$ cat run.txt   # compact mmCIF, C-alpha atoms (C1' of nucleotides)
# COMPACT_ATOMS: atom_id res chain seq x y z
CA MET N 166 0.00 0.00 0.00
CA GLY N 167 1.26 3.41 -0.94
CA ARG N 168 0.90 6.62 0.94
CA TRP N 169 -2.89 6.38 0.85
CA ARG N 170 -5.27 3.46 0.46
CA PRO N 171 -6.20 3.01 -3.21
CA ASP N 172 -9.70 3.24 -4.73
CA ALA N 173 -10.59 6.53 -3.05
CA ARG N 174 -13.24 7.21 -5.67
CA GLU N 175 -14.88 3.83 -5.27
CA ARG N 176 -14.80 4.10 -1.47
CA LEU N 177 -16.57 7.45 -1.69
CA GLN N 178 -19.23 6.04 -4.01
CA ARG N 179 -19.82 3.05 -1.77
CA ALA N 180 -19.99 5.15 1.41
CA ALA N 181 -22.34 7.64 -0.22
CA PHE N 182 -24.62 4.90 -1.52
CA GLU N 183 -24.85 3.27 1.89
CA LEU N 184 -25.44 6.42 3.91
CA ILE N 185 -27.97 7.87 1.48
CA SER N 186 -29.83 4.57 1.45
CA GLU N 187 -30.06 4.71 5.23
CA ARG N 188 -30.84 8.39 5.85
CA GLY N 189 -31.91 9.81 2.52
CA PHE N 190 -30.00 12.21 0.29
CA ALA N 191 -30.82 15.50 2.00
CA ALA N 192 -30.08 14.15 5.47
CA THR N 193 -26.64 12.90 4.44
CA THR N 194 -23.79 15.42 4.60
CA VAL N 195 -20.60 15.25 2.61
CA PRO N 196 -18.45 15.16 5.77
CA GLU N 197 -20.38 12.08 6.88
CA ILE N 198 -19.64 10.39 3.57
CA THR N 199 -15.95 11.25 3.63
CA ALA N 200 -15.63 10.18 7.25
CA ARG N 201 -16.92 6.72 6.39
CA ALA N 202 -14.61 6.57 3.39
CA GLY N 203 -11.63 7.70 5.47
CA LEU N 204 -11.04 10.88 3.47
CA THR N 205 -11.58 14.62 3.78
CA THR N 206 -14.37 16.77 2.46
CA ARG N 207 -12.04 18.53 0.07
CA THR N 208 -11.13 15.23 -1.57
CA PHE N 209 -14.78 14.42 -2.19
CA PHE N 210 -15.12 17.48 -4.41
CA ARG N 211 -11.94 16.59 -6.25
CA HIS N 212 -13.61 13.42 -7.46
CA PHE N 213 -17.19 14.66 -7.93
CA ALA N 214 -18.36 18.04 -9.12
CA ASP N 215 -21.09 18.16 -6.48
CA LYS N 216 -22.89 16.02 -3.93
CA ARG N 217 -25.41 14.63 -6.44
CA GLU N 218 -22.81 13.55 -8.91
CA VAL N 219 -21.46 10.77 -6.71
CA LEU N 220 -24.58 8.73 -7.52
CA PHE N 221 -24.36 9.32 -11.28
CA ALA N 222 -20.65 9.15 -11.97
CA GLU N 223 -20.94 5.80 -13.69
CA ASP N 224 -23.37 7.28 -16.22
CA ALA N 225 -20.66 9.49 -17.66
CA GLY N 226 -19.58 6.69 -19.94
CA VAL N 227 -23.00 5.98 -21.39
CA ALA N 228 -23.00 8.97 -23.71
CA ALA N 229 -19.48 8.11 -24.79
CA ILE N 230 -20.50 4.53 -25.55
CA VAL N 231 -23.45 5.74 -27.60
CA THR N 232 -21.17 7.99 -29.63
CA GLU N 233 -18.77 5.12 -30.20
CA LEU N 234 -21.48 2.68 -31.22
CA MET N 235 -23.27 5.04 -33.59
CA ALA N 236 -20.05 5.80 -35.42
CA ARG N 237 -19.45 2.09 -35.95
CA VAL N 238 -22.70 1.39 -37.81
CA PRO N 239 -22.47 1.67 -41.63
CA ALA N 240 -23.44 5.10 -42.91
CA SER N 241 -25.91 3.54 -45.30
CA ALA N 242 -28.21 2.31 -42.54
CA ALA N 243 -31.45 4.12 -41.78
CA PRO N 244 -31.19 6.56 -38.85
CA LEU N 245 -33.45 4.72 -36.49
CA ALA N 246 -31.89 1.37 -37.32
CA VAL N 247 -28.56 2.79 -36.19
CA VAL N 248 -29.84 3.72 -32.79
CA ARG N 249 -31.88 0.60 -32.34
CA GLU N 250 -28.83 -1.56 -32.89
CA SER N 251 -26.78 0.63 -30.56
CA LEU N 252 -29.38 0.51 -27.84
CA ARG N 253 -29.68 -3.25 -28.13
CA LEU N 254 -25.94 -3.65 -27.85
CA MET N 255 -25.87 -1.42 -24.78
CA ALA N 256 -28.82 -3.25 -23.29
CA ASP N 257 -26.94 -6.52 -23.51
CA THR N 258 -23.44 -5.40 -22.60
CA TYR N 259 -23.97 -2.57 -20.17
CA PHE N 260 -27.36 -2.20 -18.52
CA GLU N 261 -28.13 -5.88 -18.05
CA GLU N 262 -25.10 -6.26 -15.79
CA ARG N 263 -26.06 -3.31 -13.59
CA LYS N 264 -29.71 -4.08 -13.04
CA GLU N 265 -29.62 -4.37 -9.26
CA VAL N 266 -27.60 -1.19 -8.71
CA LEU N 267 -29.89 0.70 -11.06
CA ARG N 268 -32.88 -0.57 -9.11
CA GLN N 269 -31.47 0.69 -5.85
CA ARG N 270 -30.50 4.03 -7.31
CA ARG N 271 -33.95 4.51 -8.76
CA GLU N 272 -35.33 4.17 -5.28
CA LEU N 273 -33.02 6.90 -4.00
CA VAL N 274 -33.86 9.20 -6.90
CA ARG N 275 -37.58 8.67 -6.35
CA CYS N 276 -37.32 10.29 -2.93
CA ASP N 277 -35.43 13.45 -3.89
CA GLU N 278 -36.27 16.12 -6.44
CA GLY N 279 -32.69 17.27 -6.71
CA LEU N 280 -31.56 13.79 -7.70
CA ARG N 281 -34.35 13.62 -10.23
CA GLU N 282 -33.03 16.80 -11.82
CA ARG N 283 -29.60 15.28 -12.12
CA GLU N 284 -31.03 12.12 -13.63
CA LEU N 285 -32.84 14.18 -16.25
CA ARG N 286 -29.62 15.97 -17.12
CA LYS N 287 -27.81 12.68 -17.56
CA ARG N 288 -30.58 11.53 -19.84
CA ALA N 289 -30.25 14.75 -21.80
CA ALA N 290 -26.54 14.08 -22.21
CA VAL N 291 -27.34 10.76 -23.86
CA SER N 292 -29.84 12.51 -26.07
CA ASP N 293 -27.22 15.02 -27.11
CA ALA N 294 -24.80 12.23 -28.00
CA ILE N 295 -27.40 10.54 -30.18
CA ARG N 296 -28.23 13.88 -31.74
CA GLU N 297 -24.59 14.47 -32.66
CA GLY N 298 -24.50 11.05 -34.28
CA PHE N 299 -27.53 11.91 -36.39
CA LEU N 300 -26.09 15.27 -37.37
CA ALA N 301 -22.90 13.54 -38.47
CA ARG N 302 -25.04 11.39 -40.72
CA GLY N 303 -26.51 14.39 -42.45
CA LEU N 304 -29.87 14.78 -40.74
CA ASP N 305 -31.15 18.32 -40.29
CA ALA N 306 -31.18 19.78 -36.78
CA THR N 307 -34.90 19.34 -36.21
CA ARG N 308 -34.99 15.68 -37.19
CA ALA N 309 -31.79 14.94 -35.28
CA THR N 310 -33.13 16.43 -32.06
CA LEU N 311 -36.57 14.94 -32.50
CA LEU N 312 -35.32 11.42 -33.12
CA ALA N 313 -32.64 11.63 -30.44
CA GLU N 314 -35.09 12.65 -27.73
CA THR N 315 -37.56 10.06 -28.90
CA CYS N 316 -34.88 7.39 -28.61
CA VAL N 317 -34.07 8.45 -25.07
CA THR N 318 -37.75 8.42 -24.21
CA LEU N 319 -38.01 4.90 -25.58
CA LEU N 320 -35.01 3.80 -23.56
CA GLY N 321 -36.29 5.47 -20.41
CA VAL N 322 -39.75 3.98 -20.58
CA SER N 323 -38.30 0.61 -21.43
CA MET N 324 -35.87 0.72 -18.52
CA ALA N 325 -38.65 1.58 -16.09
CA GLU N 326 -40.58 -1.47 -17.20
CA TRP N 327 -37.42 -3.57 -17.21
CA LEU N 328 -36.56 -2.64 -13.62
CA ASP N 329 -40.08 -3.61 -12.53
CA ASP N 330 -39.77 -6.98 -14.21
CA ASP N 331 -37.52 -9.81 -13.06
CA ASP N 332 -37.59 -11.99 -16.14
CA ARG N 333 -37.68 -10.06 -19.38
CA TYR N 334 -34.60 -8.74 -21.15
CA LEU N 335 -34.19 -5.02 -21.74
CA ARG N 336 -33.49 -5.50 -25.43
CA ASP N 337 -36.85 -7.20 -25.90
CA ILE N 338 -38.69 -4.54 -23.95
CA VAL N 339 -37.06 -1.81 -26.03
CA ARG N 340 -38.26 -3.53 -29.19
CA ASP N 341 -41.82 -3.84 -27.88
CA THR N 342 -41.92 -0.25 -26.64
CA PHE N 343 -40.71 0.98 -30.00
CA GLU N 344 -43.50 -0.92 -31.76
CA THR N 345 -46.03 0.44 -29.27
CA LEU N 346 -45.02 4.01 -30.02
CA ARG N 347 -45.03 3.42 -33.75
CA ALA N 348 -48.51 1.92 -33.58
CA GLU N 349 -49.81 4.65 -31.30
CA LEU N 350 -48.56 7.45 -33.55
CA GLY N 351 -49.63 5.80 -36.76
CA ALA N 352 -53.03 4.65 -35.56
CA ASP N 353 -54.17 8.19 -34.90
CA GLY N 354 -55.53 9.37 -38.21
CA SER N 355 -56.68 12.88 -37.38
CA GLY N 356 -53.35 14.59 -37.84
CA GLU N 357 -54.29 16.70 -40.83
CA SER N 358 -57.28 18.57 -39.41
CA ASN N 359 -55.86 22.04 -39.10
CA GLY N 360 -58.49 24.69 -38.47
CA MET G 167 -49.00 52.48 -0.32
CA GLY G 168 -49.09 50.15 2.62
CA ARG G 169 -46.34 49.21 4.95
CA TRP G 170 -44.32 47.77 2.06
CA ARG G 171 -44.31 48.43 -1.65
CA PRO G 172 -46.55 45.92 -3.43
CA ASP G 173 -45.50 43.39 -6.08
CA ALA G 174 -42.52 42.08 -4.13
CA ARG G 175 -42.52 38.86 -6.14
CA GLU G 176 -42.56 40.65 -9.48
CA ARG G 177 -39.83 43.03 -8.36
CA LEU G 178 -37.66 40.09 -7.42
CA GLN G 179 -38.25 38.41 -10.77
CA ARG G 180 -37.45 41.57 -12.69
CA ALA G 181 -34.30 42.31 -10.68
CA ALA G 182 -33.10 38.73 -11.04
CA PHE G 183 -33.71 38.71 -14.77
CA GLU G 184 -31.81 41.95 -15.25
CA LEU G 185 -28.82 41.08 -13.10
CA ILE G 186 -28.46 37.56 -14.46
CA SER G 187 -28.64 38.91 -18.00
CA GLU G 188 -25.79 41.27 -17.20
CA ARG G 189 -23.47 39.05 -15.14
CA GLY G 190 -24.63 35.50 -15.69
CA PHE G 191 -26.41 33.23 -13.24
CA ALA G 192 -23.45 31.97 -11.20
CA ALA G 193 -21.97 35.45 -10.81
CA THR G 194 -25.22 36.88 -9.46
CA THR G 195 -25.85 36.50 -5.73
CA VAL G 196 -29.23 36.49 -4.04
CA PRO G 197 -28.29 39.49 -1.85
CA GLU G 198 -27.56 41.45 -5.03
CA ILE G 199 -30.98 40.58 -6.40
CA THR G 200 -32.81 41.49 -3.21
CA ALA G 201 -30.85 44.72 -2.89
CA ARG G 202 -32.02 45.83 -6.31
CA ALA G 203 -35.57 44.81 -5.46
CA GLY G 204 -35.43 46.63 -2.13
CA LEU G 205 -35.97 43.50 -0.04
CA THR G 206 -33.98 41.15 2.16
CA THR G 207 -32.42 37.80 1.32
CA ARG G 208 -34.83 35.97 3.61
CA THR G 209 -37.79 37.33 1.68
CA PHE G 210 -36.38 36.02 -1.59
CA PHE G 211 -36.56 32.46 -0.28
CA ARG G 212 -40.10 33.01 0.96
CA HIS G 213 -41.18 33.60 -2.65
CA PHE G 214 -38.91 31.11 -4.45
CA ALA G 215 -37.76 27.72 -3.29
CA ASP G 216 -34.22 28.35 -4.52
CA LYS G 217 -32.16 30.72 -6.63
CA ARG G 218 -32.97 28.96 -9.91
CA GLU G 219 -36.68 28.98 -9.39
CA VAL G 220 -37.00 32.75 -9.79
CA LEU G 221 -36.52 32.29 -13.55
CA PHE G 222 -39.07 29.49 -13.87
CA ALA G 223 -41.83 30.57 -11.52
CA GLU G 224 -44.17 31.41 -14.36
CA ASP G 225 -43.91 27.85 -15.67
CA ALA G 226 -45.69 26.51 -12.62
CA GLY G 227 -49.04 27.17 -14.27
CA VAL G 228 -48.29 25.30 -17.48
CA ALA G 229 -48.77 21.86 -16.01
CA ALA G 230 -51.98 23.03 -14.34
CA ILE G 231 -53.27 24.39 -17.64
CA VAL G 232 -52.49 21.11 -19.37
CA THR G 233 -54.41 19.19 -16.72
CA GLU G 234 -57.34 21.55 -17.09
CA LEU G 235 -57.39 21.36 -20.88
CA MET G 236 -57.07 17.59 -21.09
CA ALA G 237 -60.00 17.12 -18.72
CA ARG G 238 -62.15 19.33 -20.93
CA VAL G 239 -61.78 17.28 -24.11
CA PRO G 240 -64.49 14.59 -24.64
CA ALA G 241 -63.51 11.20 -23.29
CA SER G 242 -64.31 9.62 -26.63
CA ALA G 243 -61.48 11.39 -28.44
CA ALA G 244 -58.29 9.52 -29.34
CA PRO G 245 -55.48 10.05 -26.82
CA LEU G 246 -53.16 11.93 -29.12
CA ALA G 247 -55.97 14.08 -30.47
CA VAL G 248 -56.61 15.24 -26.92
CA VAL G 249 -53.10 16.44 -26.41
CA ARG G 250 -52.77 17.92 -29.84
CA GLU G 251 -55.82 20.09 -29.27
CA SER G 252 -54.57 21.07 -25.84
CA LEU G 253 -51.14 21.98 -27.12
CA ARG G 254 -52.62 24.02 -29.93
CA LEU G 255 -54.80 25.92 -27.52
CA MET G 256 -51.82 26.61 -25.28
CA ALA G 257 -49.71 27.62 -28.23
CA ASP G 258 -52.27 30.27 -29.15
CA THR G 259 -53.28 31.54 -25.73
CA TYR G 260 -50.14 31.18 -23.64
CA PHE G 261 -46.82 30.74 -25.41
CA GLU G 262 -47.44 33.10 -28.31
CA GLU G 263 -47.80 36.02 -25.89
CA ARG G 264 -44.54 35.25 -24.10
CA LYS G 265 -42.28 34.70 -27.07
CA GLU G 266 -39.78 37.47 -26.33
CA VAL G 267 -39.36 36.60 -22.64
CA LEU G 268 -38.93 32.94 -23.51
CA ARG G 269 -36.27 33.89 -26.03
CA GLN G 270 -34.32 35.84 -23.46
CA ARG G 271 -34.63 33.13 -20.84
CA ARG G 272 -33.42 30.51 -23.28
CA GLU G 273 -30.26 32.53 -23.69
CA LEU G 274 -29.69 32.57 -19.93
CA VAL G 275 -30.35 28.84 -19.65
CA ARG G 276 -27.96 28.10 -22.49
CA CYS G 277 -25.06 29.48 -20.44
CA ASP G 278 -25.66 27.57 -17.19
CA GLU G 279 -25.93 23.84 -16.61
CA GLY G 280 -27.80 24.32 -13.36
CA LEU G 281 -30.51 26.28 -15.12
CA ARG G 282 -30.71 23.61 -17.78
CA GLU G 283 -31.39 21.04 -15.08
CA ARG G 284 -34.23 23.12 -13.75
CA GLU G 285 -35.67 23.55 -17.24
CA LEU G 286 -35.63 19.80 -17.72
CA ARG G 287 -37.48 19.31 -14.46
CA LYS G 288 -40.15 21.80 -15.49
CA ARG G 289 -40.53 19.92 -18.74
CA ALA G 290 -40.88 16.69 -16.79
CA ALA G 291 -43.63 18.27 -14.72
CA VAL G 292 -45.60 18.97 -17.89
CA SER G 293 -44.99 15.40 -18.99
CA ASP G 294 -46.32 14.12 -15.68
CA ALA G 295 -49.47 16.22 -16.07
CA ILE G 296 -50.11 14.82 -19.53
CA ARG G 297 -49.41 11.34 -18.23
CA GLU G 298 -52.01 11.75 -15.49
CA GLY G 299 -54.52 12.85 -18.07
CA PHE G 300 -53.85 9.73 -20.11
CA LEU G 301 -54.11 7.50 -17.08
CA ALA G 302 -57.46 9.07 -16.24
CA ARG G 303 -58.60 8.09 -19.72
CA GLY G 304 -57.77 4.48 -19.12
CA LEU G 305 -54.40 4.09 -20.83
CA ASP G 306 -51.97 1.66 -19.26
CA ALA G 307 -48.94 3.08 -17.49
CA THR G 308 -46.48 2.32 -20.27
CA ARG G 309 -48.52 3.93 -23.01
CA ALA G 310 -49.37 6.91 -20.84
CA THR G 311 -45.73 7.63 -20.03
CA LEU G 312 -44.57 6.95 -23.54
CA LEU G 313 -47.10 9.24 -25.18
CA ALA G 314 -46.75 11.95 -22.54
CA GLU G 315 -42.99 12.17 -22.96
CA THR G 316 -43.33 12.08 -26.72
CA CYS G 317 -45.74 14.99 -26.55
CA VAL G 318 -43.33 17.01 -24.46
CA THR G 319 -40.54 16.19 -26.88
CA LEU G 320 -42.70 17.39 -29.72
CA LEU G 321 -43.48 20.60 -27.89
CA GLY G 322 -39.86 21.17 -26.95
CA VAL G 323 -38.49 20.66 -30.43
CA SER G 324 -41.26 22.79 -31.87
CA MET G 325 -40.61 25.60 -29.42
CA ALA G 326 -36.91 25.63 -30.23
CA GLU G 327 -37.73 26.07 -33.90
CA TRP G 328 -40.41 28.62 -33.09
CA LEU G 329 -38.05 30.78 -31.05
CA ASP G 330 -35.55 30.75 -33.91
CA ASP G 331 -38.22 31.88 -36.36
CA ASP G 332 -39.82 35.32 -36.41
CA ASP G 333 -42.80 34.61 -38.62
CA ARG G 334 -44.28 31.15 -38.14
CA TYR G 335 -46.85 30.32 -35.49
CA LEU G 336 -46.09 27.73 -32.84
CA ARG G 337 -49.28 25.79 -33.52
CA ASP G 338 -48.27 25.27 -37.14
CA ILE G 339 -44.77 24.20 -36.20
CA VAL G 340 -46.16 21.70 -33.69
CA ARG G 341 -48.32 20.19 -36.41
CA ASP G 342 -45.40 19.91 -38.82
CA THR G 343 -43.10 18.43 -36.20
CA PHE G 344 -45.71 15.85 -35.32
CA GLU G 345 -45.99 14.81 -38.94
CA THR G 346 -42.22 14.66 -39.23
CA LEU G 347 -41.97 12.28 -36.30
CA ARG G 348 -44.83 10.14 -37.56
CA ALA G 349 -43.19 9.86 -40.97
CA GLU G 350 -39.77 9.17 -39.51
CA LEU G 351 -41.02 6.37 -37.28
CA GLY G 352 -43.29 4.85 -39.88
CA ALA G 353 -40.83 5.02 -42.75
CA ASP G 354 -38.37 2.75 -40.97
CA GLY G 355 -39.46 -0.77 -41.90
CA SER G 356 -36.82 -2.90 -40.16
CA GLY G 357 -38.44 -3.03 -36.76
CA GLU G 358 -39.24 -6.73 -36.64
CA SER G 359 -35.77 -8.17 -37.11
CA ASN G 360 -35.09 -9.64 -33.70
CA GLY G 361 -31.94 -11.72 -33.53
C1' DT E 210 -62.70 54.39 18.70
C1' DA E 211 -60.64 50.43 20.63
C1' DC E 212 -58.76 45.97 19.95
C1' DG E 213 -57.16 41.40 18.82
C1' DG E 214 -56.01 38.41 14.69
C1' DT E 215 -53.56 37.90 10.28
C1' DG E 216 -49.88 38.01 7.20
C1' DA E 217 -45.88 39.85 4.93
C1' DT E 218 -41.51 41.44 5.98
C1' DG E 219 -37.01 42.48 8.64
C1' DA E 220 -33.25 40.98 11.62
C1' DC E 221 -30.28 37.55 13.23
C1' DA E 222 -28.12 33.05 13.74
C1' DT E 223 -26.82 28.72 11.77
C1' DT E 224 -25.80 24.72 8.80
C1' DG E 225 -23.74 22.87 4.88
C1' DC E 226 -22.19 23.08 -0.05
C1' DG E 227 -18.54 24.21 -2.94
C1' DT E 228 -13.95 26.57 -3.98
C1' DG E 229 -9.22 28.62 -3.56
C1' DT E 230 -4.81 27.97 -1.82
C1' DC E 231 -0.89 26.04 0.15
C1' DG E 232 1.81 22.31 2.24
C1' DT E 233 3.04 17.31 2.46
C1' DC E 234 5.08 13.29 0.64
C1' DA E 235 5.14 8.72 -1.87
C1' DC E 236 5.97 7.60 -6.53
C1' DT E 237 8.52 8.00 -11.05
C1' DG E 238 12.09 8.60 -14.44
C1' DT E 239 16.77 9.79 -15.34
C1' DA K 159 20.72 11.35 -5.83
C1' DC K 160 17.30 14.53 -7.43
C1' DA K 161 13.67 17.24 -9.42
C1' DG K 162 8.87 16.60 -11.22
C1' DT K 163 4.23 14.84 -10.66
C1' DG K 164 0.00 13.91 -8.58
C1' DA K 165 -3.12 12.76 -4.82
C1' DC K 166 -4.34 14.09 -0.54
C1' DG K 167 -4.76 16.96 4.02
C1' DA K 168 -5.45 21.44 6.32
C1' DC K 169 -7.42 25.84 6.47
C1' DA K 170 -10.17 29.79 5.20
C1' DC K 171 -14.01 31.73 2.91
C1' DG K 172 -18.23 33.09 0.14
C1' DC K 173 -22.74 32.03 -0.52
C1' DA K 174 -27.16 29.23 -0.58
C1' DA K 175 -30.79 27.98 2.24
C1' DT K 176 -33.37 27.44 6.67
C1' DG K 177 -35.15 28.33 11.50
C1' DT K 178 -36.75 31.62 14.67
C1' DC K 179 -38.49 35.70 16.62
C1' DA K 180 -39.88 40.63 16.34
C1' DT K 181 -42.35 44.23 13.89
C1' DC K 182 -46.35 46.53 12.28
C1' DA K 183 -49.80 47.87 8.60
C1' DC K 184 -54.21 45.97 7.49
C1' DC K 185 -58.80 44.03 8.51
C1' DG K 186 -63.00 42.74 10.84
C1' DT K 187 -65.68 43.42 14.85
C1' DA K 188 -67.79 45.55 18.68
$ encode --input "run.txt" --output "structure tokens"
Amino acid sequence: MGRWRPDARERLQRAAFELISERGFAATTVPEITARAGLTTRTFFRHFADKREVLFAEDAGVAAIVTELMARVPASAAPLAVVRESLRLMADTYFEERKEVLRQRRELVRCDEGLRERELRKRAAVSDAIREGFLARGLDATRATLLAETCVTLLGVSMAEWLDDDDRYLRDIVRDTFETLRAELGADGSGESNG
Amino acid sequence: MGRWRPDARERLQRAAFELISERGFAATTVPEITARAGLTTRTFFRHFADKREVLFAEDAGVAAIVTELMARVPASAAPLAVVRESLRLMADTYFEERKEVLRQRRELVRCDEGLRERELRKRAAVSDAIREGFLARGLDATRATLLAETCVTLLGVSMAEWLDDDDRYLRDIVRDTFETLRAELGADGSGESNG
DNA sequence: TACGGTGATGACATTGCGTGTCGTCACTGT
DNA sequence: ACAGTGACGACACGCAATGTCATCACCGTA
């Protein structure tokens, strides 16, 4: 062991997760977290931009993965097919392994409006990454934003259902949710009545 | 004039808007805002839950209006038709009158991540209101959430385009954006290839 | 006129988040 | 042997946000 115990970041995340699970987010102070992790308050803010971020640090890579995956799909593919394949790949290789942690975190977020805000921002970051991928493929700004946010909505709704279900796979739920939306939008035939 | 000048809330909003426009959100302190408004710091937090909220206080009514409008549409109407009519009505009677203020606020939000978080939460509140309306009409939870978030996406994308455009009406842009999404989702025919 | 209730505000104290700054010291390469 | 690097501790500080009590115009009532 060197001058300090290794894995300071992971120790902070673990300590924060435990304490917030016990007392709630607002009732947990940063000094309490760092005390359990054996570090100082100042060090906490060297690893995480603010108190909320300690629960969402792992999400930072999601947007990067999306960017990576979208760039790998052939440019000839249809826009939505690109994202669908990317989301399926992520469902299998990333989310499926973290199901239990995501379940626990959802419970923490459900009890705190501030955490919900942060979760929405993380979701927006994924949307922005998808949007950039669409723009790189030549879509106009409106379509890129529209499709990107729709994809994130699809993923979000699917994940909610996935976390409530013990048996089904996320990739299958994403596919079903996508078909549900397509049917719901297409089935409504009164879209041209402008008056 | 009574013991205190009236319109304390409005004075705070105006002072905040001016100062933040000049110096940016992070560089503006609450004492500076209250000083310009002729009030104390404590009074600021009696009117607004936190520093960000002073820029979004007017949005509180949007979700309420959505709830009101959705309840007014006949129960026999198709789900999406309900929202489309509600959004059109709001576009005409609410947003169109506030275009310039919304433009200025968007500029402030663009420069501060914290304000963007708050904007996303306000958007989520509208989504929740729409979702409740759908649930009251008998939709299952998945469809209700899916359609509600899609509606908010449509409104958001439409508003972005609307604020960039001096001539077009929001209601027309919403209609076009809806048709764009419908076409984009329906045109993609590779949705059944599950591997 | 007198009088008690109400409600918005001021004044003051306090907690905790987040940052700036400097010092310490194991690790690393040469 | 020696300077550079990088992670952490120690300390101070500004500001957001909350709790608590005092103040006093306004209002209804007798």
$ interface_residues --input "run.txt" --of "chain G" --to "chain N" --cutoff "8 Å" --atoms "all atoms listed in the file" --output "mmCIF file with C-alpha atoms, in the frame of the given file"
data_model
loop_
_atom_site.group_PDB
_atom_site.id
_atom_site.type_symbol
_atom_site.label_atom_id
_atom_site.label_comp_id
_atom_site.auth_asym_id
_atom_site.auth_seq_id
_atom_site.Cartn_x
_atom_site.Cartn_y
_atom_site.Cartn_z
ATOM 1 C CA ALA G 244 -58.290 9.520 -29.340
ATOM 2 C CA LEU G 246 -53.160 11.930 -29.120
ATOM 3 C CA ALA G 247 -55.970 14.080 -30.470
ATOM 4 C CA ARG G 282 -30.710 23.610 -17.780
ATOM 5 C CA GLU G 283 -31.390 21.040 -15.080
ATOM 6 C CA ARG G 284 -34.230 23.120 -13.750
ATOM 7 C CA LEU G 286 -35.630 19.800 -17.720
ATOM 8 C CA ARG G 287 -37.480 19.310 -14.460
ATOM 9 C CA THR G 308 -46.480 2.320 -20.270
ATOM 10 C CA ARG G 309 -48.520 3.930 -23.010
ATOM 11 C CA THR G 311 -45.730 7.630 -20.030
ATOM 12 C CA LEU G 312 -44.570 6.950 -23.540
ATOM 13 C CA LEU G 313 -47.100 9.240 -25.180
ATOM 14 C CA GLU G 315 -42.990 12.170 -22.960
ATOM 15 C CA THR G 316 -43.330 12.080 -26.720
ATOM 16 C CA THR G 319 -40.540 16.190 -26.880
ATOM 17 C CA LEU G 320 -42.700 17.390 -29.720
ATOM 18 C CA VAL G 323 -38.490 20.660 -30.430
ATOM 19 C CA GLU G 327 -37.730 26.070 -33.900
ATOM 20 C CA ARG G 341 -48.320 20.190 -36.410
ATOM 21 C CA GLU G 345 -45.990 14.810 -38.940
ATOM 22 C CA THR G 346 -42.220 14.660 -39.230
ATOM 23 C CA LEU G 347 -41.970 12.280 -36.300
ATOM 24 C CA ARG G 348 -44.830 10.140 -37.560
ATOM 25 C CA LEU G 351 -41.020 6.370 -37.280
ATOM 26 C CA GLY G 352 -43.290 4.850 -39.880
ATOM 27 C CA ASP G 354 -38.370 2.750 -40.970
ATOM 28 C CA SER G 356 -36.820 -2.900 -40.160
ATOM 29 C CA GLY G 357 -38.440 -3.030 -36.760
#
$ closest_atom_pairs --input "run.txt" --of "chain G" --to "chain K" --cutoff "12 Å" --atoms "all atoms listed in the file" --output "Markdown table"
| residue | atom | partner | partner_atom | distance |
| --- | --- | --- | --- | --- |
| G:Met167 | CA | K:DA183 | C1' | 10.1 |
| G:Gly168 | CA | K:DA183 | C1' | 6.4 |
| G:Arg169 | CA | K:DA183 | C1' | 5.2 |
| G:Trp170 | CA | K:DA183 | C1' | 8.5 |
| G:Arg171 | CA | K:DA183 | C1' | 11.6 |
| G:Ala192 | CA | K:DC173 | C1' | 10.7 |
| G:Ala193 | CA | K:DC173 | C1' | 10.9 |
| G:Thr194 | CA | K:DC173 | C1' | 10.5 |
| G:Thr195 | CA | K:DC173 | C1' | 7.5 |
| G:Val196 | CA | K:DA174 | C1' | 8.3 |
| G:Pro197 | CA | K:DC173 | C1' | 9.4 |
| G:Glu198 | CA | K:DC173 | C1' | 11.5 |
| G:Thr207 | CA | K:DA175 | C1' | 10.0 |
| G:Arg208 | CA | K:DA175 | C1' | 9.1 |
| G:Thr209 | CA | K:DA175 | C1' | 11.7 |
| G:Phe210 | CA | K:DA175 | C1' | 10.5 |
| G:Phe211 | CA | K:DA175 | C1' | 7.7 |
| G:Arg212 | CA | K:DT176 | C1' | 10.4 |
| G:Phe214 | CA | K:DA175 | C1' | 11.0 |
| G:Ala215 | CA | K:DA175 | C1' | 8.9 |
| G:Asp216 | CA | K:DA175 | C1' | 7.6 |
| G:Lys217 | CA | K:DA174 | C1' | 8.0 |
| G:Arg218 | CA | K:DA174 | C1' | 11.0 |
$ atom_distance --input "run.txt" --atom1 "atom CA of Leu235 of chain G" --atom2 "atom CA of Ile296 of chain G"
9.9 Å
$ axis_aligned_box --input "run.txt" --around "segment 255-265 of chain G" --padding-each-side "3 Å" --output "AutoDock Vina command-line options"
--center_x -48.5 --center_y 31.0 --center_z -26.4 --size_x 18.5 --size_y 16.1 --size_z 11.5
$ interface_residues --input "run.txt" --of "chain E" --to "chain N" --cutoff "10 Å" --atoms "all atoms listed in the file" --output "VMD selection string"
chain E and resid 225 to 228 234 to 236
$ atom_distance --input "run.txt" --atom1 "atom CA of Val249 of chain G" --atom2 "atom CA of Trp328 of chain G"
18.8 Å
$ atom_distance --input "run.txt" --atom1 "atom CA of Leu253 of chain G" --atom2 "atom CA of Glu298 of chain G"
15.5 Å
$ closest_residue --input "run.txt" --among "N:Arg237, N:Leu267, N:Val274, N:Asp331" --to "Arg302 of chain N" --atoms "only C-alpha atoms"
N:Arg237
$ residues_around --input "run.txt" --residues "Phe261 of chain G" --least-positions-apart "2" --cutoff "12 Å" --atoms "only C-alpha atoms (C1' of nucleotides)" --output "PyMOL selection string"
chain G and resi 224-225+227-228+231+253-259+263-269+321-322+324-325+328-329+335-337
